[in-house]
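Content type compact mmCIF, C-alpha atoms, from the file protein_28.txt:
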# COMPACT_ATOMS: atom_id res chain seq x y z
CA MET A 234 0.00 0.00 0.00
CA ASP A 235 2.86 2.38 0.89
CA TYR A 236 4.53 1.50 -2.38
CA LEU A 237 1.30 2.26 -4.27
CA ASP A 238 0.93 5.57 -2.47
CA SER A 239 4.47 6.65 -3.25
CA GLU A 240 4.11 5.52 -6.87
CA LYS A 241 0.89 7.49 -7.16
CA GLU A 242 2.52 10.56 -5.64
CA ARG A 243 5.47 10.34 -8.03
CA ARG A 244 3.21 10.04 -11.05
CA VAL A 245 0.93 12.83 -9.90
CA THR A 246 4.00 15.06 -9.56
CA GLN A 247 5.11 14.14 -13.08
CA LEU A 248 1.64 14.74 -14.48
CA ARG A 249 1.34 18.10 -12.79
CA LYS A 250 4.74 19.29 -13.93
CA GLY A 251 3.68 19.49 -17.55
CA ILE A 252 0.10 20.45 -16.97
CA LEU A 253 0.82 23.16 -14.40
CA GLU A 254 2.72 25.20 -16.96
CA LEU A 255 -0.25 24.99 -19.30
CA ALA A 256 -2.62 25.88 -16.46
CA VAL A 257 -0.47 28.91 -15.62
CA MET A 258 -0.57 30.03 -19.25
CA GLY A 259 -4.31 29.42 -19.34
CA SER A 260 -4.87 31.52 -16.22
CA LEU A 261 -2.83 34.35 -17.70
CA TYR A 262 -4.54 34.10 -21.08
CA GLY A 263 -7.44 36.39 -20.33
CA GLU A 264 -6.23 38.35 -17.33
CA HIS A 265 -3.08 39.33 -15.53
CA HIS A 266 -2.17 38.02 -12.11
CA TYR A 267 0.45 38.43 -9.44
CA GLY A 268 1.94 35.26 -7.95
CA TYR A 269 -0.41 34.83 -5.02
CA SER A 270 -3.58 35.55 -7.01
CA LEU A 271 -2.44 33.07 -9.62
CA VAL A 272 -1.99 30.42 -6.94
CA ARG A 273 -5.51 31.16 -5.69
CA VAL A 274 -6.90 30.74 -9.20
CA LEU A 275 -5.02 27.49 -9.71
CA THR A 276 -5.95 25.95 -6.38
CA GLY A 277 -9.54 27.15 -6.86
CA ASP A 278 -11.92 25.45 -4.48
CA GLY A 279 -9.09 23.62 -2.78
CA SER A 280 -9.48 20.40 -4.74
CA LEU A 281 -5.95 20.79 -6.10
CA SER A 282 -3.24 20.75 -3.48
CA LEU A 283 -0.26 22.68 -4.71
CA LYS A 284 2.97 23.72 -3.07
CA GLU A 285 2.64 27.41 -3.71
CA GLY A 286 6.36 27.87 -4.28
CA THR A 287 6.30 25.67 -7.37
CA VAL A 288 4.47 28.31 -9.41
CA TYR A 289 7.28 30.85 -9.28
CA PRO A 290 9.97 28.87 -11.13
CA ILE A 291 7.43 28.28 -13.90
CA LEU A 292 6.66 31.99 -14.09
CA THR A 293 10.36 32.84 -14.13
CA ARG A 294 11.00 30.38 -16.94
CA LEU A 295 8.07 31.63 -19.00
CA ASP A 296 9.26 35.17 -18.41
CA LYS A 297 12.78 34.34 -19.60
CA GLU A 298 11.39 32.59 -22.65
CA GLY A 299 9.35 35.65 -23.52
CA LEU A 300 6.02 33.89 -23.13
CA VAL A 301 4.88 36.12 -20.28
CA ARG A 302 5.73 39.68 -19.38
CA SER A 303 5.99 40.94 -15.84
CA GLU A 304 5.94 44.28 -14.10
CA TRP A 305 6.15 45.43 -10.52
CA VAL A 306 3.13 47.41 -9.36
CA GLU A 307 3.00 49.27 -6.05
CA SER A 308 0.32 48.05 -3.70
CA ASP A 309 -1.43 50.30 -1.20
CA GLN A 310 -1.78 47.39 1.24
CA GLY A 311 1.74 46.08 1.47
CA PRO A 312 4.82 45.30 -0.58
CA PRO A 313 4.68 45.73 -4.37
CA ARG A 314 3.22 42.93 -6.47
CA LYS A 315 4.73 41.46 -9.57
CA TYR A 316 2.02 41.14 -12.21
CA TYR A 317 2.25 38.68 -15.04
CA SER A 318 0.41 38.56 -18.37
CA LEU A 319 0.76 36.44 -21.48
CA THR A 320 2.68 37.95 -24.40
CA ALA A 321 1.55 37.54 -28.00
CA ASN A 322 3.98 34.64 -28.38
CA GLY A 323 2.66 33.09 -25.20
CA ARG A 324 -0.91 33.39 -26.43
CA ARG A 325 -0.03 31.80 -29.75
CA LEU A 326 1.79 28.95 -28.03
CA PHE A 327 -1.08 28.39 -25.62
CA GLU A 328 -3.60 28.34 -28.46
CA SER A 329 -1.53 25.75 -30.29
CA LEU A 330 -1.03 23.63 -27.19
CA MET A 331 -4.66 23.52 -26.11
CA PRO A 332 -5.90 21.24 -28.92
CA GLU A 333 -3.03 18.87 -28.15
CA PHE A 334 -4.00 18.84 -24.50
CA ASP A 335 -7.71 18.31 -25.31
CA GLN A 336 -6.77 15.46 -27.59
CA LEU A 337 -4.74 13.80 -24.85
CA VAL A 338 -7.51 14.21 -22.29
CA SER A 339 -10.14 12.82 -24.65
CA LEU A 340 -7.82 9.92 -25.49
CA VAL A 341 -7.46 9.03 -21.81
CA LYS A 342 -11.20 9.41 -21.21
CA GLN A 343 -12.05 7.42 -24.30
CA SER A 344 -9.84 4.51 -23.32
CA ARG A 345 -11.24 4.56 -19.78
CA ASN A 346 -14.84 4.66 -20.99
CA GLY A 347 -14.10 1.91 -23.47
CA ALA A 348 -12.71 -0.29 -20.73
CA LYS A 349 -15.70 0.47 -18.47
CA SER A 350 -18.28 -0.31 -21.13
CA ARG A 351 -16.49 -3.57 -21.92
CA GLN A 352 -16.61 -4.47 -18.23
CA ASN A 353 -20.39 -3.87 -18.14
CA GLN A 354 -20.98 -6.10 -21.15
CA PRO A 355 -22.19 -9.65 -20.52
CA LEU A 356 -19.38 -12.19 -20.58
CA GLY A 357 -20.68 -13.88 -23.74
CA GLU A 358 -20.68 -10.62 -25.66
CA ARG A 359 -17.20 -9.78 -24.46
CA ILE A 360 -15.90 -13.11 -25.69
CA LEU A 361 -17.68 -12.58 -28.97
CA VAL A 362 -16.15 -9.11 -29.39
CA LYS A 363 -12.70 -10.46 -28.62
CA LYS A 364 -13.10 -13.19 -31.21
CA GLU A 365 -14.25 -10.64 -33.77
CA GLU A 366 -11.31 -8.40 -32.90
CA ARG A 367 -8.93 -11.30 -33.41
CA ALA A 368 -10.57 -12.16 -36.72
CA MET B 151 8.74 49.40 6.98
CA SER B 152 7.46 46.19 8.54
CA HIS B 153 4.02 44.86 7.62
CA TYR B 154 3.92 42.25 10.37
CA PRO B 155 3.87 42.01 14.15
CA GLU B 156 7.40 41.74 15.54
CA VAL B 157 7.45 37.99 16.14
CA VAL B 158 5.97 37.27 12.72
CA GLU B 159 8.48 39.62 11.11
CA LYS B 160 11.26 37.60 12.72
CA ILE B 161 9.87 34.33 11.34
CA VAL B 162 9.47 35.82 7.87
CA GLN B 163 12.99 37.25 7.91
CA ASP B 164 14.36 33.90 9.04
CA TYR B 165 12.56 32.16 6.19
CA LEU B 166 13.78 34.70 3.63
CA GLN B 167 17.29 34.40 5.01
CA ARG B 168 17.20 30.63 4.53
CA LEU B 169 15.82 31.19 1.07
CA GLY B 170 18.69 33.61 0.39
CA ILE B 171 21.18 30.90 1.36
CA GLN B 172 19.54 28.45 -1.00
CA LEU B 173 19.61 31.04 -3.78
CA LYS B 174 23.32 31.69 -3.38
CA GLY B 175 24.37 30.27 -6.72
CA PHE B 176 22.03 32.53 -8.70
CA PRO B 177 22.85 35.81 -10.39
CA ASN B 178 22.37 38.74 -8.04
CA SER B 179 19.40 40.20 -9.91
CA ASP B 180 17.57 36.85 -9.90
CA GLN B 181 18.13 36.48 -6.17
CA GLU B 182 16.75 39.93 -5.43
CA GLU B 183 13.78 39.37 -7.69
CA ALA B 184 12.94 35.98 -6.17
CA LEU B 185 13.25 37.22 -2.58
CA LYS B 186 11.15 40.29 -3.32
CA GLU B 187 8.47 38.27 -5.06
CA LEU B 188 8.29 35.56 -2.41
CA GLY B 189 8.25 38.22 0.29
CA SER B 190 5.26 39.75 -1.46
CA HIS B 191 3.63 36.33 -1.71
CA ILE B 192 4.09 35.68 1.99
CA TYR B 193 2.47 38.99 2.84
CA GLU B 194 -0.52 38.44 0.52
CA SER B 195 -0.99 34.94 1.81
CA TYR B 196 -0.67 36.09 5.41
CA CYS B 197 -3.38 38.71 4.88
CA CYS B 198 -5.76 36.14 3.42
CA GLU B 199 -5.32 33.54 6.15
CA SER B 200 -8.13 33.44 8.65
CA ASP B 201 -6.24 32.05 11.65
CA PRO B 202 -6.46 34.65 14.45
CA GLU B 203 -3.13 33.63 16.02
CA PRO B 204 -0.38 35.49 14.08
CA VAL B 205 2.33 32.87 14.61
CA ASP B 206 0.09 29.98 13.56
CA ARG B 207 -1.01 32.05 10.63
CA ILE B 208 2.46 32.75 9.31
CA LEU B 209 3.57 29.17 9.91
CA LYS B 210 0.61 27.97 7.87
CA VAL B 211 1.56 30.36 5.07
CA LEU B 212 5.16 29.17 5.03
CA ARG B 213 4.10 25.54 5.14
CA LYS B 214 1.96 26.10 2.06
CA LEU B 215 4.78 27.86 0.29
CA GLY B 216 7.17 24.97 0.93
CA GLU B 217 10.65 24.58 2.39
CA PRO B 218 13.22 27.03 0.94
CA ALA B 219 15.17 24.12 -0.57
CA ASP B 220 12.05 22.84 -2.36
CA VAL B 221 11.09 26.32 -3.54
CA VAL B 222 14.55 26.77 -5.04
CA ALA B 223 15.03 23.22 -6.38
CA GLU B 224 13.34 23.62 -9.75
CA ARG B 225 14.55 27.17 -10.16
CA LEU B 226 18.10 25.99 -9.54
CA GLN B 227 18.04 23.49 -12.38
CA GLU B 228 16.84 26.10 -14.85
CA SER B 229 19.29 28.69 -13.69
CA LEU B 230 22.32 26.41 -13.82
CA LEU B 231 21.51 25.51 -17.38
CA ASN B 232 21.19 29.18 -18.26
CA VAL B 233 24.44 30.08 -16.56
CA GLY B 234 26.09 27.22 -18.46
CA ARG B 235 24.72 28.47 -21.74
CA LEU B 236 25.64 32.09 -21.19
CA LYS B 237 29.02 31.67 -19.69
CA ARG B 238 31.12 28.59 -20.29
CA VAL B 239 33.06 27.74 -17.20
CA PRO B 240 36.70 28.45 -17.86
CA LEU B 241 38.91 25.39 -17.79
CA TYR B 242 40.92 26.82 -14.96
CA VAL B 243 37.85 26.63 -12.72
CA LEU B 244 37.52 22.92 -13.39
CA GLY B 245 41.27 22.52 -13.12
CA GLY B 246 41.13 24.36 -9.83
CA ILE B 247 38.48 21.99 -8.57
CA VAL B 248 40.54 18.94 -9.54
CA VAL B 249 43.63 20.39 -7.92
CA GLY B 250 41.57 21.50 -4.94
CA MET B 251 40.18 18.01 -4.54
CA PHE B 252 43.31 15.98 -5.04
CA GLY B 253 46.16 18.45 -4.73
CA LEU B 254 48.67 19.10 -7.52
CA PRO B 255 51.03 16.12 -6.99
CA LEU B 256 48.15 13.76 -6.33
CA GLY B 257 46.38 15.10 -9.41
CA PHE B 258 49.38 14.28 -11.61
CA ALA B 259 49.90 10.95 -9.85
CA GLY B 260 46.24 10.13 -10.43
CA VAL B 261 46.55 10.85 -14.15
CA ALA B 262 49.77 8.81 -14.32
CA MET B 263 48.09 5.90 -12.54
CA LEU B 264 45.14 6.10 -14.89
CA VAL B 265 47.36 6.11 -17.97
CA GLY B 266 49.50 3.31 -16.51
CA GLY B 267 46.44 1.23 -15.68
CA LEU B 268 45.01 1.69 -19.14
CA GLY B 269 48.37 0.78 -20.69
CA ALA B 270 48.59 -2.35 -18.55
CA VAL B 271 45.10 -3.46 -19.54
CA LEU B 272 45.84 -2.85 -23.22
CA GLY B 273 49.13 -4.78 -22.83
CA LEU B 274 47.30 -7.70 -21.24
CA VAL B 275 44.76 -7.75 -24.07
CA ALA B 276 47.55 -7.65 -26.67
CA ALA B 277 49.45 -10.45 -24.88
CA PHE B 278 46.29 -12.53 -24.73
CA PHE B 279 45.71 -12.25 -28.46
CA ALA B 280 49.41 -12.85 -29.24
CA THR B 281 49.36 -16.05 -27.15
CA ALA B 282 46.17 -17.24 -28.83
CA ALA B 283 47.61 -16.56 -32.28
CA LEU B 284 50.89 -18.28 -31.36
CA LEU B 285 49.10 -21.39 -30.09
CA LEU B 286 46.97 -21.53 -33.23
CA ILE B 287 49.94 -21.17 -35.58
CA THR B 288 52.02 -23.70 -33.63
CA GLY B 289 49.11 -26.16 -33.56
CA VAL B 290 48.48 -25.90 -37.31
CA ALA B 291 52.20 -26.19 -38.13
CA GLY B 292 52.57 -29.19 -35.76
CA MET B 293 49.58 -30.92 -37.31
CA GLY B 294 51.17 -30.37 -40.72
CA LEU B 295 54.37 -32.03 -39.49
CA GLY B 296 52.38 -34.95 -38.08
CA LEU B 297 50.70 -35.42 -41.42
CA ILE B 298 54.09 -35.31 -43.17
CA ARG B 299 55.37 -37.99 -40.77
CA MET B 300 52.34 -40.13 -41.53
CA LEU B 301 52.07 -39.60 -45.27
CA SER B 302 55.64 -38.85 -46.40
CA PRO B 303 58.21 -40.42 -44.03
CA ASP B 304 61.04 -39.85 -46.55
CA PHE B 305 60.48 -36.11 -46.58
CA TRP B 306 60.39 -36.19 -42.76
CA ASP B 307 63.73 -38.02 -42.73
CA GLN B 308 65.22 -35.37 -45.04
CA LEU B 309 64.04 -32.64 -42.69
CA VAL B 310 65.58 -34.48 -39.72
CA ALA B 311 68.82 -35.02 -41.67
CA GLN B 312 69.03 -31.31 -42.52
CA GLY B 313 68.43 -30.42 -38.88
CA PHE B 314 65.06 -28.72 -39.38
CA ILE B 315 63.45 -31.25 -37.04
CA GLN B 316 65.27 -32.29 -33.89
CA VAL B 317 63.80 -34.59 -31.26
CA HIS B 318 66.14 -35.29 -28.38
CA GLY B 319 66.12 -36.91 -24.97
CA ARG B 320 63.37 -39.08 -23.64
CA ILE B 321 60.87 -37.85 -26.16
CA GLY B 322 63.23 -38.88 -28.95
CA GLN B 323 63.73 -42.30 -27.36
CA PHE B 324 59.98 -42.69 -26.96
CA PHE B 325 59.41 -41.66 -30.59
CA ASP B 326 61.97 -44.25 -31.76
CA LEU B 327 59.79 -46.97 -30.20
CA LEU B 328 56.81 -46.01 -32.40
CA SER B 329 56.12 -46.61 -36.07
CA PRO B 330 56.17 -43.52 -38.39
CA ALA B 331 52.36 -43.62 -38.68
CA ALA B 332 51.95 -43.71 -34.92
CA GLN B 333 54.48 -40.89 -34.52
CA GLY B 334 52.53 -38.81 -37.05
CA ALA B 335 49.19 -39.54 -35.37
CA LEU B 336 50.62 -38.61 -31.98
CA LEU B 337 51.96 -35.34 -33.36
CA VAL B 338 48.65 -34.54 -35.04
CA PHE B 339 46.67 -35.15 -31.82
CA PHE B 340 49.14 -33.23 -29.68
CA PHE B 341 49.24 -30.18 -31.93
CA MET B 342 45.50 -30.39 -32.52
CA ALA B 343 45.08 -29.88 -28.77
CA ILE B 344 47.39 -26.84 -28.94
CA ALA B 345 45.49 -25.37 -31.89
CA ALA B 346 42.22 -26.01 -30.04
CA ALA B 347 43.62 -24.12 -27.03
CA GLY B 348 44.40 -21.19 -29.34
CA LEU B 349 40.94 -21.28 -30.87
CA GLY B 350 39.42 -21.51 -27.38
CA MET B 351 41.33 -18.42 -26.32
CA LEU B 352 40.08 -16.54 -29.36
CA TRP B 353 36.53 -17.65 -28.59
CA LEU B 354 36.94 -16.53 -24.98
CA SER B 355 38.29 -13.18 -26.14
CA LYS B 356 34.74 -12.22 -27.20
CA SER B 357 33.59 -12.46 -23.62
CA MET B 358 36.73 -10.77 -22.38
CA LEU B 359 36.22 -7.84 -24.75
CA LYS B 360 32.59 -7.60 -23.72
CA GLY B 361 33.64 -7.56 -20.07
CA LEU B 362 36.29 -4.92 -20.72
CA ARG B 363 33.82 -2.84 -22.70
CA PHE B 364 31.36 -3.03 -19.82
CA LEU B 365 34.12 -2.05 -17.40
CA PHE B 366 35.19 0.93 -19.52
CA ASP B 367 31.57 2.02 -20.01
CA LEU B 368 31.04 1.83 -16.28
CA ILE B 369 34.17 3.86 -15.56
CA LEU B 370 33.24 6.40 -18.24
CA ASP B 371 29.72 6.65 -16.92
CA ARG B 372 30.96 7.24 -13.37
CA ALA B 373 33.47 9.78 -14.63
CA LYS B 374 30.76 11.58 -16.61
CA THR B 375 28.45 11.68 -13.59
CA LEU B 376 31.25 12.98 -11.39
CA PHE B 377 32.25 15.54 -14.01
CA ARG B 378 28.64 16.71 -14.44
CA ARG B 379 28.24 17.07 -10.68
CA ARG B 380 31.49 18.98 -10.40
CA ARG B 381 30.46 21.18 -13.34
CA ARG B 382 27.18 22.05 -11.64
CA HIS B 383 29.07 22.99 -8.50
CA ALA B 384 31.45 24.98 -10.65
CA PHE B 385 28.55 26.88 -12.28
CA ALA B 386 27.04 27.66 -8.91
CA TRP B 387 30.40 28.62 -7.47
CA ASP B 388 31.28 30.67 -10.50
CA ALA B 389 27.97 32.53 -10.57
CA GLY B 390 28.09 33.13 -6.83
CA ARG B 391 31.66 34.34 -6.93
CA PHE B 392 31.32 36.80 -9.78
CA ASN B 393 27.83 38.07 -9.08
CA GLY B 394 27.94 38.20 -5.31
CA THR B 395 24.97 37.34 -3.09
CA VAL B 396 21.85 39.20 -2.12
CA SER B 397 22.16 39.07 1.59
CA GLU B 398 25.26 38.96 3.64
CA VAL B 399 24.05 35.89 5.42
CA PRO B 400 26.64 33.64 6.95
CA ALA B 401 27.10 30.36 5.09
CA GLU B 402 25.32 27.71 7.06
CA GLY B 403 26.66 24.22 7.17
CA LYS B 404 23.53 22.76 5.78
Take the structure I supplied and represent it as structure tokens, if you would.
Amino acid sequence: MDYLDSEKERRVTQLRKGILELAVMGSLYGEHHYGYSLVRVLTGDGSLSLKEGTVYPILTRLDKEGLVRSEWVESDQGPPRKYYSLTANGRRLFESLMPEFDQLVSLVKQSRNGAKSRQNQPLGERILVKKEERA
Amino acid sequence: MSHYPEVVEKIVQDYLQRLGIQLKGFPNSDQEEALKELGSHIYESYCCESDPEPVDRILKVLRKLGEPADVVAERLQESLLNVGRLKRVPLYVLGGIVVGMFGLPLGFAGVAMLVGGLGAVLGLVAAFFATAALLLITGVAGMGLGLIRMLSPDFWDQLVAQGFIQVHGRIGQFFDLLSPAAQGALLVFFFMAIAAAGLGMLWLSKSMLKGLRFLFDLILDRAKTLFRRRRRHAFAWDAGRFNGTVSEVPAEGK
């Protein structure tokens, strides 16, 4: 059980690594955010647990790659905030990545639904389908 | 100007100080930017937390943000690659590390030992193949002589008379007891065994070469890993040395 938990955790981390960058770009697509507000958007209703510090290296990388732009804005409540927004290049990249992402998600869903519907089939039908597939 | 109660301010400063230590290998501007941004994050997060107890509140905020080492981990990888791309580490830095690690005489001695070891291994391989080839040639030549003794005893006698073939001592006496055909058969079997030994050695050499290849690959792999690790340290050291650090925090033995 411990092994399964650690395996799950490792894979979840791997999954998030790629997707988080896309989620960051998606959040900055329509509006600009400073780090903390972006974290709030990403964690949403609390269903996604996220180490808040992991967002900043992504933002820094995107900034260096010219996919987001950043600027410091004085805040009347406390220290200045660094606002981020997507650049034109960032928008173009995000728009081109989204269909790929949707395709991957639908592929995973499709295979899961396929497996589920096969499980719900009567045994005889399943055997029949398998024979037909082999043929 | 402080935005926190005194005790919270102390906790935040301690966290940022630890973060500063972790960020030591980064360019100065990146360090300042990261500390400023994370400081801002801590404040925003602190304001939004509902816990009435200030210390619990800030601890919760910092827990959510993550340990300084974790916060810096991913950033570090990116930055080291960038530093490597922008500024190739001069050879003297790497040389300095080698000398620093092993000392000058030990460094040279290490290289000499490495070269000597490689030479010895190559010598052994060459000697192995030379022995195998020698056994094979001797075996084939001996079998030829055995066949001559069996099929053409007159020619054999001529060779003995001219001194090309000399069999002395007990072996000679033993050979005199046998017929020419038996002598030839004995020679053929004896030298066949020698040729077989040579062929066996050549066959074994495949495995030996595979083993050596594995050994060299292993050594190379280890050397590459070590070199890569040293290079990363060199990047961090180099960047830290030439760009300075954000805060004058004492280096902790972490």
Find the residues near Tyr196 of chain B: any atom within 10 Å, counting only C-alpha atoms, skip ones fewer than 4 places away on the same chain, and give them as a VMD selection string. chain B and resid 154 158 190 to 192 200 to 201 204 207 to 212
Let's have the selection written as a CSV table (one decimal), in the coordinates of the input, with C-alpha atoms.
chain,number,residue,atom,x,y,z
B,154,TYR,CA,3.9,42.2,10.4
B,158,VAL,CA,6.0,37.3,12.7
B,190,SER,CA,5.3,39.8,-1.5
B,191,HIS,CA,3.6,36.3,-1.7
B,192,ILE,CA,4.1,35.7,2.0
B,200,SER,CA,-8.1,33.4,8.6
B,201,ASP,CA,-6.2,32.0,11.6
B,204,PRO,CA,-0.4,35.5,14.1
B,207,ARG,CA,-1.0,32.0,10.6
B,208,ILE,CA,2.5,32.8,9.3
B,209,LEU,CA,3.6,29.2,9.9
B,210,LYS,CA,0.6,28.0,7.9
B,211,VAL,CA,1.6,30.4,5.1
B,212,LEU,CA,5.2,29.2,5.0
Counting only C-alpha atoms, which residues from chain A have an atom at most 10 Å from any atom of chain B, and could you show them as a ChimeraX atom specification? /A:267-270,272-273,282-291,293-294,297,305,308,310-315
8 Å contact set for segment 249-263 of chain A, only C-alpha atoms, chain neighbours under 2 positions out, as a list in words: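 The neighbour list is Val245, Thr246, Gln247, His265, His266, Leu271, Val274, Leu275, Val288, Ile291, Leu292, Tyr317, Ser318, Leu319, Gly323, Arg324 and Phe327 of chain A.
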Atom CA of Gly348 of chain B to atom CA of Val271 of chain B: how many Å, to one decimal? 20.3 Å
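Take atom CA of Leu295 of chain A and atom CA of Ser329 of chain A: the distance between them is 15.9 Å.
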